[in-house]
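Asker: structure_12.csv (CSV, N, CA and C atoms) pasted underneath:
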```
chain,number,residue,atom,x,y,z
A,1,MET,N,-63.6,6.4,11.2
A,1,MET,CA,-62.7,6.5,10.0
A,1,MET,C,-61.5,5.6,10.2
A,2,LYS,N,-61.2,4.9,9.2
A,2,LYS,CA,-60.0,4.0,9.2
A,2,LYS,C,-58.7,4.8,9.0
A,3,PRO,N,-57.6,4.5,9.8
A,3,PRO,CA,-56.4,5.2,9.5
A,3,PRO,C,-55.8,4.7,8.2
A,4,ILE,N,-55.1,5.6,7.5
A,4,ILE,CA,-54.5,5.2,6.2
A,4,ILE,C,-53.2,4.6,6.6
A,5,GLN,N,-53.0,3.4,6.0
A,5,GLN,CA,-51.8,2.7,6.2
A,5,GLN,C,-50.8,2.9,5.0
A,6,LYS,N,-49.6,3.3,5.4
A,6,LYS,CA,-48.6,3.6,4.4
A,6,LYS,C,-47.8,2.3,4.2
A,7,ARG,N,-47.7,1.9,3.0
A,7,ARG,CA,-46.9,0.7,2.7
A,7,ARG,C,-45.6,1.2,2.0
A,8,PHE,N,-44.5,0.6,2.5
A,8,PHE,CA,-43.2,0.9,1.8
A,8,PHE,C,-42.9,-0.2,0.8
A,9,LEU,N,-42.9,0.2,-0.4
A,9,LEU,CA,-42.6,-0.8,-1.5
A,9,LEU,C,-41.2,-0.4,-2.1
A,10,PHE,N,-40.5,-1.4,-2.4
A,10,PHE,CA,-39.2,-1.1,-3.2
A,10,PHE,C,-39.6,-0.9,-4.6
A,11,ARG,N,-39.0,0.1,-5.2
A,11,ARG,CA,-39.1,0.2,-6.6
A,11,ARG,C,-38.0,-0.5,-7.3
A,12,PRO,N,-38.0,-0.8,-8.6
A,12,PRO,CA,-36.9,-1.5,-9.3
A,12,PRO,C,-35.6,-0.8,-9.1
A,13,ALA,N,-35.5,0.5,-9.1
A,13,ALA,CA,-34.3,1.2,-9.0
A,13,ALA,C,-33.7,1.0,-7.6
A,14,ASP,N,-34.6,0.9,-6.6
A,14,ASP,CA,-34.1,0.7,-5.2
A,14,ASP,C,-33.4,-0.7,-5.1
A,15,ILE,N,-34.1,-1.7,-5.6
A,15,ILE,CA,-33.5,-3.0,-5.6
A,15,ILE,C,-32.2,-3.1,-6.4
A,16,PHE,N,-32.1,-2.4,-7.5
A,16,PHE,CA,-30.9,-2.4,-8.3
A,16,PHE,C,-29.7,-1.8,-7.5
A,17,PHE,N,-30.0,-0.7,-6.8
A,17,PHE,CA,-28.9,0.0,-6.1
A,17,PHE,C,-28.5,-0.8,-4.8
A,18,ILE,N,-29.5,-1.5,-4.2
A,18,ILE,CA,-29.1,-2.3,-3.0
A,18,ILE,C,-28.3,-3.5,-3.5
A,19,LEU,N,-28.6,-4.1,-4.5
A,19,LEU,CA,-27.8,-5.3,-5.1
A,19,LEU,C,-26.5,-4.8,-5.5
A,20,LEU,N,-26.4,-3.6,-6.1
A,20,LEU,CA,-25.1,-3.1,-6.6
A,20,LEU,C,-24.2,-2.8,-5.3
A,21,ALA,N,-24.8,-2.3,-4.3
A,21,ALA,CA,-24.0,-2.0,-3.0
A,21,ALA,C,-23.5,-3.4,-2.4
A,22,ILE,N,-24.3,-4.4,-2.4
A,22,ILE,CA,-23.9,-5.7,-1.9
A,22,ILE,C,-22.8,-6.3,-2.7
A,23,VAL,N,-22.9,-6.2,-4.0
A,23,VAL,CA,-21.8,-6.7,-4.9
A,23,VAL,C,-20.5,-5.9,-4.7
A,24,ALA,N,-20.6,-4.6,-4.6
A,24,ALA,CA,-19.4,-3.8,-4.4
A,24,ALA,C,-18.7,-4.1,-3.1
A,25,ILE,N,-19.5,-4.3,-2.0
A,25,ILE,CA,-18.9,-4.7,-0.7
A,25,ILE,C,-18.3,-6.1,-0.8
A,26,GLY,N,-18.9,-7.0,-1.5
A,26,GLY,CA,-18.4,-8.4,-1.6
A,26,GLY,C,-17.1,-8.3,-2.4
A,27,VAL,N,-17.0,-7.6,-3.5
A,27,VAL,CA,-15.8,-7.5,-4.3
A,27,VAL,C,-14.7,-6.8,-3.5
A,28,SER,N,-15.0,-5.8,-2.7
A,28,SER,CA,-14.0,-5.1,-1.9
A,28,SER,C,-13.4,-6.1,-0.9
A,29,ILE,N,-14.2,-6.8,-0.2
A,29,ILE,CA,-13.8,-7.8,0.8
A,29,ILE,C,-12.9,-8.8,0.2
A,30,HIS,N,-13.4,-9.4,-0.9
A,30,HIS,CA,-12.6,-10.4,-1.6
A,30,HIS,C,-11.2,-9.9,-2.1
A,31,THR,N,-11.2,-8.7,-2.6
A,31,THR,CA,-9.9,-8.1,-3.1
A,31,THR,C,-9.0,-7.9,-1.9
A,32,ALA,N,-9.5,-7.4,-0.8
A,32,ALA,CA,-8.7,-7.1,0.4
A,32,ALA,C,-8.1,-8.4,0.9
A,33,LEU,N,-8.9,-9.5,0.9
A,33,LEU,CA,-8.4,-10.7,1.5
A,33,LEU,C,-7.4,-11.5,0.6
A,34,THR,N,-7.6,-11.4,-0.7
A,34,THR,CA,-6.7,-12.1,-1.6
A,34,THR,C,-5.4,-11.3,-1.9
A,35,GLN,N,-5.4,-10.0,-1.7
A,35,GLN,CA,-4.1,-9.3,-2.0
A,35,GLN,C,-3.2,-9.4,-0.8
A,36,GLN,N,-3.6,-9.9,0.3
A,36,GLN,CA,-2.7,-9.9,1.4
A,36,GLN,C,-2.0,-11.3,1.6
A,37,ASN,N,-1.6,-11.9,0.5
A,37,ASN,CA,-1.0,-13.2,0.6
A,37,ASN,C,0.5,-13.1,0.1
A,38,GLY,N,1.2,-14.1,0.5
A,38,GLY,CA,2.6,-14.1,0.0
A,38,GLY,C,3.5,-13.4,1.0
A,39,THR,N,4.8,-13.3,0.6
A,39,THR,CA,5.8,-12.6,1.4
A,39,THR,C,5.7,-11.1,1.1
A,40,PRO,N,6.2,-10.3,2.0
A,40,PRO,CA,6.2,-8.8,1.8
A,40,PRO,C,7.1,-8.5,0.6
A,41,TYR,N,6.8,-7.4,0.0
A,41,TYR,CA,7.6,-7.0,-1.2
A,41,TYR,C,7.8,-5.4,-1.1
A,42,LEU,N,8.8,-4.9,-1.8
A,42,LEU,CA,9.1,-3.5,-1.8
A,42,LEU,C,8.5,-2.9,-3.1
A,43,ILE,N,7.8,-1.8,-2.9
A,43,ILE,CA,7.3,-1.0,-4.1
A,43,ILE,C,8.0,0.3,-4.1
A,44,ILE,N,8.7,0.6,-5.2
A,44,ILE,CA,9.4,1.9,-5.4
A,44,ILE,C,8.6,2.7,-6.4
A,45,SER,N,8.1,3.9,-6.0
A,45,SER,CA,7.3,4.7,-6.9
A,45,SER,C,8.0,6.0,-7.2
A,46,THR,N,8.0,6.4,-8.5
A,46,THR,CA,8.4,7.7,-9.0
A,46,THR,C,7.2,8.3,-9.7
A,47,LEU,N,7.4,9.5,-10.3
A,47,LEU,CA,6.3,10.1,-11.1
A,47,LEU,C,6.1,9.3,-12.4
A,48,GLU,N,7.1,8.7,-12.9
A,48,GLU,CA,7.0,8.0,-14.2
A,48,GLU,C,6.7,6.5,-14.1
A,49,GLU,N,7.2,5.9,-13.0
A,49,GLU,CA,7.1,4.4,-13.0
A,49,GLU,C,7.1,3.9,-11.6
A,50,ASP,N,6.6,2.6,-11.5
A,50,ASP,CA,6.6,1.8,-10.2
A,50,ASP,C,7.4,0.6,-10.4
A,51,TRP,N,8.2,0.2,-9.4
A,51,TRP,CA,8.9,-1.1,-9.5
A,51,TRP,C,8.6,-1.9,-8.3
A,52,ILE,N,8.5,-3.2,-8.4
A,52,ILE,CA,8.2,-4.1,-7.3
A,52,ILE,C,9.4,-5.1,-7.2
A,53,TYR,N,9.9,-5.3,-6.0
A,53,TYR,CA,11.0,-6.2,-5.7
A,53,TYR,C,10.7,-7.0,-4.5
A,54,PRO,N,11.1,-8.3,-4.5
A,54,PRO,CA,11.0,-9.1,-3.3
A,54,PRO,C,12.0,-8.7,-2.2
A,55,LEU,N,11.5,-8.9,-1.0
A,55,LEU,CA,12.4,-8.5,0.1
A,55,LEU,C,13.3,-9.6,0.5
A,56,ASP,N,13.1,-10.8,0.0
A,56,ASP,CA,13.9,-12.0,0.4
A,56,ASP,C,15.2,-12.1,-0.5
A,57,ARG,N,15.5,-11.2,-1.4
A,57,ARG,CA,16.7,-11.3,-2.2
A,57,ARG,C,17.5,-10.0,-2.0
A,58,ASN,N,18.7,-10.1,-1.6
A,58,ASN,CA,19.6,-8.9,-1.4
A,58,ASN,C,20.0,-8.4,-2.7
A,59,GLN,N,19.8,-7.0,-2.9
A,59,GLN,CA,20.2,-6.4,-4.1
A,59,GLN,C,20.4,-4.9,-3.9
A,60,LYS,N,21.1,-4.3,-4.8
A,60,LYS,CA,21.3,-2.8,-4.8
A,60,LYS,C,20.6,-2.3,-6.0
A,61,LEU,N,19.9,-1.2,-5.9
A,61,LEU,CA,19.1,-0.6,-6.9
A,61,LEU,C,19.5,0.8,-7.2
A,62,CYS,N,19.4,1.2,-8.4
A,62,CYS,CA,19.7,2.6,-8.8
A,62,CYS,C,18.4,3.1,-9.5
A,63,ILE,N,17.7,4.0,-8.8
A,63,ILE,CA,16.4,4.5,-9.3
A,63,ILE,C,16.5,5.9,-9.8
A,64,PRO,N,16.1,6.2,-11.0
A,64,PRO,CA,16.2,7.6,-11.5
A,64,PRO,C,15.0,8.4,-10.9
A,65,GLY,N,15.4,9.6,-10.4
A,65,GLY,CA,14.4,10.5,-9.8
A,65,GLY,C,14.4,11.9,-10.5
A,66,ALA,N,13.7,12.8,-9.9
A,66,ALA,CA,13.6,14.1,-10.5
A,66,ALA,C,14.9,14.9,-10.6
A,67,ILE,N,15.8,14.7,-9.6
A,67,ILE,CA,17.0,15.5,-9.6
A,67,ILE,C,18.3,14.6,-9.7
A,68,GLY,N,18.1,13.3,-9.9
A,68,GLY,CA,19.2,12.4,-10.1
A,68,GLY,C,18.9,11.0,-9.7
A,69,GLU,N,19.9,10.2,-9.5
A,69,GLU,CA,19.7,8.8,-9.2
A,69,GLU,C,19.8,8.6,-7.7
A,70,SER,N,18.8,7.8,-7.1
A,70,SER,CA,18.9,7.4,-5.7
A,70,SER,C,19.3,6.0,-5.7
A,71,HIS,N,20.1,5.6,-4.7
A,71,HIS,CA,20.6,4.2,-4.5
A,71,HIS,C,19.9,3.6,-3.3
A,72,ILE,N,19.2,2.5,-3.6
A,72,ILE,CA,18.4,1.8,-2.6
A,72,ILE,C,19.0,0.4,-2.5
A,73,GLU,N,19.0,-0.1,-1.2
A,73,GLU,CA,19.5,-1.4,-1.0
A,73,GLU,C,18.5,-2.3,-0.3
A,74,ILE,N,18.3,-3.5,-0.7
A,74,ILE,CA,17.5,-4.5,0.0
A,74,ILE,C,18.5,-5.5,0.5
A,75,LYS,N,18.4,-5.6,1.9
A,75,LYS,CA,19.4,-6.5,2.5
A,75,LYS,C,18.7,-7.1,3.8
A,76,ASN,N,18.8,-8.4,3.8
A,76,ASN,CA,18.2,-9.2,4.9
A,76,ASN,C,16.8,-8.8,5.3
A,77,GLY,N,16.0,-8.7,4.2
A,77,GLY,CA,14.5,-8.4,4.4
A,77,GLY,C,14.2,-6.9,4.7
A,78,SER,N,15.2,-6.0,4.7
A,78,SER,CA,15.0,-4.6,4.9
A,78,SER,C,15.4,-3.8,3.7
A,79,ALA,N,14.8,-2.6,3.6
A,79,ALA,CA,15.1,-1.7,2.5
A,79,ALA,C,15.4,-0.4,3.0
A,80,PHE,N,16.4,0.3,2.4
A,80,PHE,CA,16.8,1.6,2.8
A,80,PHE,C,17.5,2.4,1.7
A,81,PHE,N,17.6,3.7,1.9
A,81,PHE,CA,18.3,4.5,0.9
A,81,PHE,C,19.8,4.5,1.3
A,82,ILE,N,20.7,4.2,0.3
A,82,ILE,CA,22.1,4.3,0.6
A,82,ILE,C,22.6,5.7,0.3
A,83,ASP,N,22.1,6.3,-0.8
A,83,ASP,CA,22.5,7.6,-1.2
A,83,ASP,C,21.4,8.2,-2.1
A,84,SER,N,21.4,9.6,-2.0
A,84,SER,CA,20.4,10.3,-2.9
A,84,SER,C,20.9,11.7,-3.2
A,85,PRO,N,20.6,12.3,-4.3
A,85,PRO,CA,21.2,13.6,-4.6
A,85,PRO,C,20.5,14.8,-3.9
A,86,CYS,N,19.6,14.5,-3.0
A,86,CYS,CA,18.9,15.6,-2.3
A,86,CYS,C,19.9,16.3,-1.3
A,87,ASP,N,19.7,17.5,-0.9
A,87,ASP,CA,20.6,18.3,-0.1
A,87,ASP,C,20.5,17.8,1.4
A,88,ASN,N,19.3,17.6,1.9
A,88,ASN,CA,19.2,17.3,3.4
A,88,ASN,C,19.4,15.8,3.8
A,89,LYS,N,19.4,14.9,2.9
A,89,LYS,CA,19.6,13.5,3.1
A,89,LYS,C,18.8,12.8,4.2
A,90,ILE,N,17.6,13.4,4.4
A,90,ILE,CA,16.7,12.8,5.4
A,90,ILE,C,16.3,11.3,5.1
A,91,CYS,N,16.2,11.0,3.8
A,91,CYS,CA,15.8,9.7,3.3
A,91,CYS,C,17.0,8.7,3.7
A,92,VAL,N,18.2,9.2,3.5
A,92,VAL,CA,19.4,8.3,3.8
A,92,VAL,C,19.5,8.1,5.3
A,93,MET,N,19.1,9.1,6.1
A,93,MET,CA,19.2,8.9,7.6
A,93,MET,C,18.1,8.2,8.2
A,94,SER,N,17.0,7.9,7.4
A,94,SER,CA,15.9,7.1,7.9
A,94,SER,C,16.2,5.7,8.3
A,95,GLN,N,15.5,5.1,9.2
A,95,GLN,CA,15.7,3.7,9.6
A,95,GLN,C,15.3,2.8,8.4
A,96,PRO,N,15.9,1.7,8.3
A,96,PRO,CA,15.5,0.7,7.3
A,96,PRO,C,14.1,0.3,7.5
A,97,ILE,N,13.3,0.0,6.5
A,97,ILE,CA,12.0,-0.5,6.6
A,97,ILE,C,11.9,-2.0,6.3
A,98,SER,N,11.1,-2.7,7.1
A,98,SER,CA,11.1,-4.2,6.9
A,98,SER,C,9.7,-4.8,7.1
A,99,ARG,N,8.7,-4.0,7.5
A,99,ARG,CA,7.4,-4.5,7.8
A,99,ARG,C,6.3,-3.8,6.9
A,100,SER,N,5.3,-4.6,6.6
A,100,SER,CA,4.2,-4.1,5.8
A,100,SER,C,3.6,-2.8,6.3
A,101,GLY,N,3.5,-1.8,5.5
A,101,GLY,CA,3.0,-0.5,5.8
A,101,GLY,C,4.0,0.5,6.1
A,102,GLU,N,5.3,0.1,6.3
A,102,GLU,CA,6.3,1.1,6.5
A,102,GLU,C,6.8,1.8,5.2
A,103,TRP,N,7.3,3.0,5.2
A,103,TRP,CA,7.7,3.7,4.0
A,103,TRP,C,8.8,4.7,4.3
A,104,ILE,N,9.5,5.1,3.3
A,104,ILE,CA,10.5,6.1,3.3
A,104,ILE,C,10.3,6.9,2.0
A,105,ALA,N,10.4,8.2,2.1
A,105,ALA,CA,10.3,9.1,0.9
A,105,ALA,C,11.4,10.0,0.8
A,106,CYS,N,11.9,10.2,-0.5
A,106,CYS,CA,12.9,11.3,-0.8
A,106,CYS,C,12.1,12.3,-1.6
A,107,LEU,N,11.6,13.3,-0.9
A,107,LEU,CA,10.7,14.3,-1.5
A,107,LEU,C,11.4,15.1,-2.6
A,108,PRO,N,12.6,15.6,-2.4
A,108,PRO,CA,13.2,16.4,-3.5
A,108,PRO,C,13.4,15.6,-4.7
A,109,ASN,N,13.7,14.3,-4.6
A,109,ASN,CA,14.0,13.4,-5.8
A,109,ASN,C,12.7,12.7,-6.2
A,110,GLN,N,11.6,12.9,-5.5
A,110,GLN,CA,10.3,12.3,-5.8
A,110,GLN,C,10.3,10.8,-5.9
A,111,ILE,N,11.0,10.2,-4.9
A,111,ILE,CA,11.0,8.7,-4.9
A,111,ILE,C,10.4,8.3,-3.6
A,112,PHE,N,9.4,7.3,-3.7
A,112,PHE,CA,8.7,6.8,-2.5
A,112,PHE,C,8.8,5.3,-2.5
A,113,ILE,N,9.3,4.8,-1.3
A,113,ILE,CA,9.4,3.3,-1.2
A,113,ILE,C,8.5,2.9,-0.1
A,114,ARG,N,7.9,1.7,-0.3
A,114,ARG,CA,7.0,1.2,0.8
A,114,ARG,C,7.0,-0.3,0.7
A,115,ILE,N,6.5,-0.9,1.8
A,115,ILE,CA,6.5,-2.4,1.9
A,115,ILE,C,5.0,-2.8,2.0
A,116,GLU,N,4.6,-3.7,1.2
A,116,GLU,CA,3.3,-4.3,1.2
A,116,GLU,C,3.3,-5.8,1.2
A,117,GLY,N,2.3,-6.4,1.6
A,117,GLY,CA,2.2,-7.8,1.7
A,117,GLY,C,1.9,-8.3,3.1
A,118,LYS,N,1.6,-9.6,3.2
A,118,LYS,CA,1.3,-10.2,4.5
A,118,LYS,C,2.5,-10.4,5.3
A,119,MET,N,2.5,-10.1,6.6
A,119,MET,CA,3.6,-10.4,7.5
A,119,MET,C,3.4,-11.8,8.1
A,120,PRO,N,4.5,-12.4,8.6
A,120,PRO,CA,4.3,-13.7,9.2
A,120,PRO,C,3.4,-13.6,10.4
A,121,GLN,N,2.8,-14.7,10.8
A,121,GLN,CA,1.8,-14.8,11.9
A,121,GLN,C,2.5,-14.4,13.2
A,122,HIS,N,3.7,-14.7,13.4
A,122,HIS,CA,4.3,-14.5,14.7
A,122,HIS,C,4.9,-13.0,14.9
A,123,SER,N,4.7,-12.2,13.9
A,123,SER,CA,5.2,-10.8,14.0
A,123,SER,C,4.2,-9.9,14.7
A,124,LEU,N,4.7,-8.9,15.4
A,124,LEU,CA,3.9,-8.0,16.1
A,124,LEU,C,3.4,-6.9,15.2
A,125,ASP,N,2.2,-6.4,15.3
A,125,ASP,CA,1.8,-5.3,14.5
A,125,ASP,C,1.8,-3.9,15.2
A,126,ALA,N,2.1,-3.9,16.5
A,126,ALA,CA,2.2,-2.7,17.3
A,126,ALA,C,3.1,-2.9,18.4
A,127,THR,N,3.7,-1.8,18.9
A,127,THR,CA,4.6,-1.9,20.0
A,127,THR,C,4.2,-0.9,21.0
A,128,SER,N,4.2,-1.2,22.3
A,128,SER,CA,3.9,-0.3,23.3
A,128,SER,C,5.0,-0.3,24.4
A,129,PHE,N,5.1,0.8,25.1
A,129,PHE,CA,6.1,0.9,26.2
A,129,PHE,C,5.4,1.0,27.5
```
So, in terms of structure tokens, how does the structure I just supplied come out?
Answerer:
Amino acid sequence: MKPIQKRFLFRPADIFFILLAIVAIGVSIHTALTQQNGTPYLIISTLEEDWIYPLDRNQKLCIPGAIGESHIEIKNGSAFFIDSPCDNKICVMSQPISRSGEWIACLPNQIFIRIEGKMPQHSLDATSF
């Protein structure tokens, strides 16, 4: 008796989903590589709105939040809270942020600031002691 040989055949739906996965992976890689260009920039988010500011221009910003206005300053490539109407002032006491991926949040006032964008080639991405 001859053994029955099972053949694995792709059905049209299988081919469609494989191609769809390949396209999705390609688009994701392309998006990740093209969005990481240019100089770093500051993104300020509230519940109603988002603002984007370059880090290479010094400026003082007044951002409306849930309990009042927070004052944020961009100076020498760093961003930090100058003042906020919250009670504990943890956001004001936070260190300035200047590198991609860093953030500060004022939770009572519902303001979140973060830095995105590509860092210069000579900058370190981690520090160890």
Asker: Just the residues within 8 Å of stretch 50-55 of chain A, please, counting all atoms listed in the file, with nothing from its chain fewer than 6 positions along; format it as a PDB file with N, CA and C atoms, in the coordinates of the input.
Answerer:
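Written file, part_2.pdb:
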```
ATOM      1  N   THR A  39       4.800 -13.300   0.600  1.00  0.00           N
ATOM      2  CA  THR A  39       5.800 -12.600   1.400  1.00  0.00           C
ATOM      3  C   THR A  39       5.700 -11.100   1.100  1.00  0.00           C
ATOM      4  N   PRO A  40       6.200 -10.300   2.000  1.00  0.00           N
ATOM      5  CA  PRO A  40       6.200  -8.800   1.800  1.00  0.00           C
ATOM      6  C   PRO A  40       7.100  -8.500   0.600  1.00  0.00           C
ATOM      7  N   TYR A  41       6.800  -7.400   0.000  1.00  0.00           N
ATOM      8  CA  TYR A  41       7.600  -7.000  -1.200  1.00  0.00           C
ATOM      9  C   TYR A  41       7.800  -5.400  -1.100  1.00  0.00           C
ATOM     10  N   LEU A  42       8.800  -4.900  -1.800  1.00  0.00           N
ATOM     11  CA  LEU A  42       9.100  -3.500  -1.800  1.00  0.00           C
ATOM     12  C   LEU A  42       8.500  -2.900  -3.100  1.00  0.00           C
ATOM     13  N   ILE A  43       7.800  -1.800  -2.900  1.00  0.00           N
ATOM     14  CA  ILE A  43       7.300  -1.000  -4.100  1.00  0.00           C
ATOM     15  C   ILE A  43       8.000   0.300  -4.100  1.00  0.00           C
ATOM     16  N   ILE A  44       8.700   0.600  -5.200  1.00  0.00           N
ATOM     17  CA  ILE A  44       9.400   1.900  -5.400  1.00  0.00           C
ATOM     18  C   ILE A  44       8.600   2.700  -6.400  1.00  0.00           C
ATOM     19  N   ILE A  74      18.300  -3.500  -0.700  1.00  0.00           N
ATOM     20  CA  ILE A  74      17.500  -4.500   0.000  1.00  0.00           C
ATOM     21  C   ILE A  74      18.500  -5.500   0.500  1.00  0.00           C
ATOM     22  N   LYS A  75      18.400  -5.600   1.900  1.00  0.00           N
ATOM     23  CA  LYS A  75      19.400  -6.500   2.500  1.00  0.00           C
ATOM     24  C   LYS A  75      18.700  -7.100   3.800  1.00  0.00           C
ATOM     25  N   ASN A  76      18.800  -8.400   3.800  1.00  0.00           N
ATOM     26  CA  ASN A  76      18.200  -9.200   4.900  1.00  0.00           C
ATOM     27  C   ASN A  76      16.800  -8.800   5.300  1.00  0.00           C
ATOM     28  N   GLY A  77      16.000  -8.700   4.200  1.00  0.00           N
ATOM     29  CA  GLY A  77      14.500  -8.400   4.400  1.00  0.00           C
ATOM     30  C   GLY A  77      14.200  -6.900   4.700  1.00  0.00           C
ATOM     31  N   SER A  78      15.200  -6.000   4.700  1.00  0.00           N
ATOM     32  CA  SER A  78      15.000  -4.600   4.900  1.00  0.00           C
ATOM     33  C   SER A  78      15.400  -3.800   3.700  1.00  0.00           C
ATOM     34  N   ALA A  79      14.800  -2.600   3.600  1.00  0.00           N
ATOM     35  CA  ALA A  79      15.100  -1.700   2.500  1.00  0.00           C
ATOM     36  C   ALA A  79      15.400  -0.400   3.000  1.00  0.00           C
TER      37      ALA A  79
END
```
Asker: As an exercise, work out the distance from atom CA of A:Ser70 to atom CA of A:Gly117 in Å and give it to one decimal place.
Answerer: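 According to the coordinates, atom CA of A:Ser70 and atom CA of A:Gly117 are separated by 23.8 Å.
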Asker: So, with all atoms listed in the file as the atoms that count, which of A:Leu61, A:Asp87, A:Ala66, A:Ser45 lies closest to A:Phe112?
Answerer: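 Checking each candidate against A:Phe112, we get A:Ser45 as the closest.
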Asker: Find the spatial neighbours of A:Ser100, counting only C-alpha atoms, within a cut-off of 9 Å - ignore same-chain residues fewer than 3 positions away - and output them as JSON, numbers by chain.
Answerer: {"A": [40, 41, 97, 103, 114, 115, 116, 117, 118, 119]}
Asker: Just to confirm, what's the straight-line distance from atom CA of A:Ile67 to atom CA of A:Cys106 in Å (one decimal)?
Answerer: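 Taking atom CA of A:Ile67 as the start and atom CA of A:Cys106 as the end point, the length is 10.6 Å.
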Asker: Kindly give the distance, in Å, that separates atom N of A:Glu49 and atom CA of A:Ile72, rounded to a single decimal.
Answerer: 15.8 Å
Asker: Would you please give, as a PyMOL selection string, all residues of stretch 30-64 of chain A that DSSP assigns to alpha helix (DSSP H) based on the backbone?
Answerer: chain A and resi 30-34
Asker: Which of these residues is nearest to A:His71, using all atoms listed in the file: A:Ser98, A:Thr31, A:Gln59, A:Ser84?
Answerer: A:Ser84
Asker: Tell me, which residues of stretch 9-126 of chain A carry DSSP strand (DSSP E or B), written as JSON, numbers by chain?
Answerer: {"A": [41, 42, 43, 44, 45, 50, 51, 52, 53, 54, 59, 60, 61, 62, 63, 64, 69, 70, 71, 72, 73, 74, 75, 78, 79, 80, 81, 82, 83, 97, 103, 104, 105, 106, 111, 112, 113, 114, 115, 116]}
Asker: Work out where the centre of an axis-aligned box around every listed atom of stretch 38-50 of chain A lies and how long its edges are once 6 Å is added on each side; give both in Å to one decimal as AutoDock Vina command-line options.
Answerer:
```
--center_x 5.3 --center_y -2.0 --center_z -6.1 --size_x 20.2 --size_y 36.2 --size_z 28.2
```
Asker: Could you add N, CA, C and O atoms to stretch 59-72 of chain A and give me the result as a tab-separated table (two decimals), in the coordinates of the input?
Answerer:
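Saved file part_20.tsv follows:
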```tsv
chain	number	residue	atom	x	y	z
A	59	GLN	N	19.80	-7.00	-2.90
A	59	GLN	CA	20.20	-6.40	-4.10
A	59	GLN	C	20.40	-4.90	-3.90
A	59	GLN	O	19.77	-4.32	-2.97
A	60	LYS	N	21.10	-4.30	-4.80
A	60	LYS	CA	21.30	-2.80	-4.80
A	60	LYS	C	20.60	-2.30	-6.00
A	60	LYS	O	20.81	-2.81	-7.10
A	61	LEU	N	19.90	-1.20	-5.90
A	61	LEU	CA	19.10	-0.60	-6.90
A	61	LEU	C	19.50	0.80	-7.20
A	61	LEU	O	19.75	1.55	-6.26
A	62	CYS	N	19.40	1.20	-8.40
A	62	CYS	CA	19.70	2.60	-8.80
A	62	CYS	C	18.40	3.10	-9.50
A	62	CYS	O	18.03	2.62	-10.58
A	63	ILE	N	17.70	4.00	-8.80
A	63	ILE	CA	16.40	4.50	-9.30
A	63	ILE	C	16.50	5.90	-9.80
A	63	ILE	O	16.94	6.81	-8.98
A	64	PRO	N	16.10	6.20	-11.00
A	64	PRO	CA	16.20	7.60	-11.50
A	64	PRO	C	15.00	8.40	-10.90
A	64	PRO	O	13.89	7.98	-10.85
A	65	GLY	N	15.40	9.60	-10.40
A	65	GLY	CA	14.40	10.50	-9.80
A	65	GLY	C	14.40	11.90	-10.50
A	65	GLY	O	14.95	12.04	-11.58
A	66	ALA	N	13.70	12.80	-9.90
A	66	ALA	CA	13.60	14.10	-10.50
A	66	ALA	C	14.90	14.90	-10.60
A	66	ALA	O	15.08	15.70	-11.49
A	67	ILE	N	15.80	14.70	-9.60
A	67	ILE	CA	17.00	15.50	-9.60
A	67	ILE	C	18.30	14.60	-9.70
A	67	ILE	O	19.37	15.10	-9.60
A	68	GLY	N	18.10	13.30	-9.90
A	68	GLY	CA	19.20	12.40	-10.10
A	68	GLY	C	18.90	11.00	-9.70
A	68	GLY	O	17.69	10.69	-9.50
A	69	GLU	N	19.90	10.20	-9.50
A	69	GLU	CA	19.70	8.80	-9.20
A	69	GLU	C	19.80	8.60	-7.70
A	69	GLU	O	20.75	9.05	-7.05
A	70	SER	N	18.80	7.80	-7.10
A	70	SER	CA	18.90	7.40	-5.70
A	70	SER	C	19.30	6.00	-5.70
A	70	SER	O	18.94	5.18	-6.55
A	71	HIS	N	20.10	5.60	-4.70
A	71	HIS	CA	20.60	4.20	-4.50
A	71	HIS	C	19.90	3.60	-3.30
A	71	HIS	O	19.95	4.16	-2.23
A	72	ILE	N	19.20	2.50	-3.60
A	72	ILE	CA	18.40	1.80	-2.60
A	72	ILE	C	19.00	0.40	-2.50
A	72	ILE	O	19.31	-0.22	-3.45
```
